[in-house]
Amino acid sequence: MSLMQRISLIFRSKANKALDRAEDPRETLDYSYQRQIELLSKVRRGVADVATSRKRVELQVAQLEQQAQKLTDQAQKALSMGREDLAREALTRKSGLTGQISDLRAQQAQLQGEEEKLTLASQRLQAKVEAFRTKKETIKATYTAAEAQTRINEAFSGISEEMGDVGMAVQRAEDKTAQMQARAGAIDELIASGALDDATAIGHGDDIARELDAMSSGSEVENELAALKARTNGAQGAVEGGNGAATPALEAEPQKEEGQA
Amino acid sequence: MIVRILGEGQWDVAEDRLDELNRLDAEVEAAVEKGDQVTFSNALNALLNDVRTAGSPLPDDALQDSDLILPPADATIEEVRELLEDDGLIPG
């Protein structure tokens with residue numbers, strides 16, 4: 001037997017087993033309808049949960065992007081004050097963030113995909129539940145318990161398979177979202193800890209900072225530093241003339257310099 | 001015949017496509033046996049694409065059993081093995 005035939009057989013037998021059989025077959029229809037309604041609300045909750053996760057990741061991307069911009073600005077200022085070491089540190093940190101950001105973007109796309117799939121699944125289920133309800137009412141109105149027996153299978157065909165399918169889709173989406181929630185939690189902690197805050201935190205090298213440094217690519221940093229230098233040299237006069245005051249964050253830095261060398 | 005792609009819906013596929021579906025299915029099966037996820041994903045997607053392009057989608061409110069049920073497009077080999085077990089993925 002081919003793979004798809006085996007999958008089909010096993011799937012159908014599981015879906016049929018899930019059916020609650022009542023003594024009066026007309027009651028079986030009502031039980032099933034009840035479960036369909038429950039499943040429908042479960043799918044809708046699933047859609048909402050995935051959307052919440054997606055929004056959380058979107059927010060994190062925005063926060064990290066803001067952070068990356070801040071680090072670029074700091075590197076720029078550091079260079080204009082002749083502090084290449086500080087600029088390099090800021091860009092190194094930024095490079096770590098860039099990796100996180102593209103990781104989060106990929107997650108965001110994946111969650112978006114799950115959200116769309118579940119939304120479609122809930123629309124399909126809703127249409128089928130509605131069709132089942134009509135059929136069920138017709139059977140209940142038209143047939144006695146004894147007669148209804150022969151109509152039951154007709155009413156159930158398709159819906160139990162759909163319920164198995166949708167139940168599985170919700171489960172898969174939940175599993176995927178749970179994995180991402182754990183990672184999103186870790187990133188929220190990173191943001192809250194201030195480890196991503198600014199380059200002036202150099203020297204407070206905690207685990208997170210070291211990890212960020214390890215993630216960053218050295219040559220990328222050097223390239224960006226060179227580009228920044230070229231720009232800063234071009235604009236040097238303007239910077240010194242118009243904005244001589246250093247930021248407090250950078251002023252607080254000099255005593256740490258020997259630690260960097 | 002009616003073919004269901006799990007997580008996607010059902011298609012009505014002409015009977016004369018069955019040979020081609022069987023050929024693609026054999027490739028999926030071989031990949032599952034080898035445990036090669038990349039080959040498996042490619043073979044599965046070729047099979048699913050054939051269903052999607054050769055078949056016409058059933059309306060949402062259709063209540064029909066499927067003749068064939070296929071794994072979701074992003075399934076892992078592990079998930080397919082679970083589908084082949086007597087108790088597994090399908091809740092309830």
# chains A, B, ... in the order shown; residues from 1 in each chain; ligands from 1
>>> residues_around(residues="Glu8 (chain B)", least_positions_apart="2", cutoff="8 Å", atoms="only C-alpha atoms", output="PyMOL selection string")
(chain A and resi 117+121) or (chain B and resi 4-6+10+72)
>>> residues_around(residues="Phe132 (chain A)", least_positions_apart="4", cutoff="9 Å", atoms="only C-alpha atoms", output="ChimeraX atom specification")
/A:29,33,127-128,136-137,155-156,159 /B:61,63
>>> closest_atom_pairs(of="chain B", to="chain A", cutoff="10 Å", atoms="only C-alpha atoms", output="CSV")
residue,atom,partner,partner_atom,distance
B:Val3,CA,A:Ser8,CA,9.5
B:Arg4,CA,A:Ser8,CA,9.0
B:Ile5,CA,A:Asp165,CA,9.0
B:Leu6,CA,A:Asp165,CA,5.8
B:Gly7,CA,A:Ala169,CA,5.7
B:Glu8,CA,A:Ala121,CA,7.3
B:Gly9,CA,A:Arg124,CA,7.9
B:Gln10,CA,A:Glu162,CA,9.6
B:Leu21,CA,A:Met4,CA,9.4
B:Asn22,CA,A:Ser2,CA,7.4
B:Arg23,CA,A:Ser2,CA,9.8
B:Asp25,CA,A:Leu3,CA,6.7
B:Ala26,CA,A:Ser2,CA,7.2
B:Glu27,CA,A:Leu3,CA,9.9
B:Val28,CA,A:Leu3,CA,7.9
B:Glu29,CA,A:Leu3,CA,6.0
B:Ala30,CA,A:Leu3,CA,9.6
B:Val32,CA,A:Leu3,CA,9.5
B:Pro59,CA,A:Arg124,CA,8.6
B:Asp60,CA,A:Arg124,CA,4.9
B:Asp61,CA,A:Lys128,CA,4.4
B:Ala62,CA,A:Lys128,CA,6.5
B:Leu63,CA,A:Gly158,CA,4.4
B:Gln64,CA,A:Gly158,CA,4.1
B:Asp65,CA,A:Gly158,CA,4.3
B:Ser66,CA,A:Gly158,CA,7.3
B:Asp67,CA,A:Ser8,CA,7.3
B:Leu68,CA,A:Ser8,CA,5.4
B:Ile69,CA,A:Ser8,CA,4.6
B:Leu70,CA,A:Met4,CA,6.0
B:Pro71,CA,A:Ile7,CA,8.2
B:Pro72,CA,A:Ala169,CA,9.0
B:Ala75,CA,A:Arg172,CA,9.8
B:Val80,CA,A:Ile7,CA,8.2
B:Arg81,CA,A:Ile7,CA,9.3
B:Glu82,CA,A:Ile7,CA,9.7
B:Leu83,CA,A:Ile7,CA,6.2
B:Leu84,CA,A:Ile7,CA,5.7
B:Glu85,CA,A:Ile10,CA,7.6
B:Asp86,CA,A:Ile10,CA,6.7
B:Asp87,CA,A:Lys14,CA,7.7
B:Gly88,CA,A:Lys14,CA,9.1
B:Leu89,CA,A:Met168,CA,6.3
B:Ile90,CA,A:Met168,CA,5.4
B:Pro91,CA,A:Gly167,CA,6.2
B:Gly92,CA,A:Ala18,CA,5.6
>>> closest_residue(among="A:Arg54, A:Arg105, A:Arg88, A:Lys94", to="Gln66 (chain A)", atoms="only C-alpha atoms")
A:Lys94
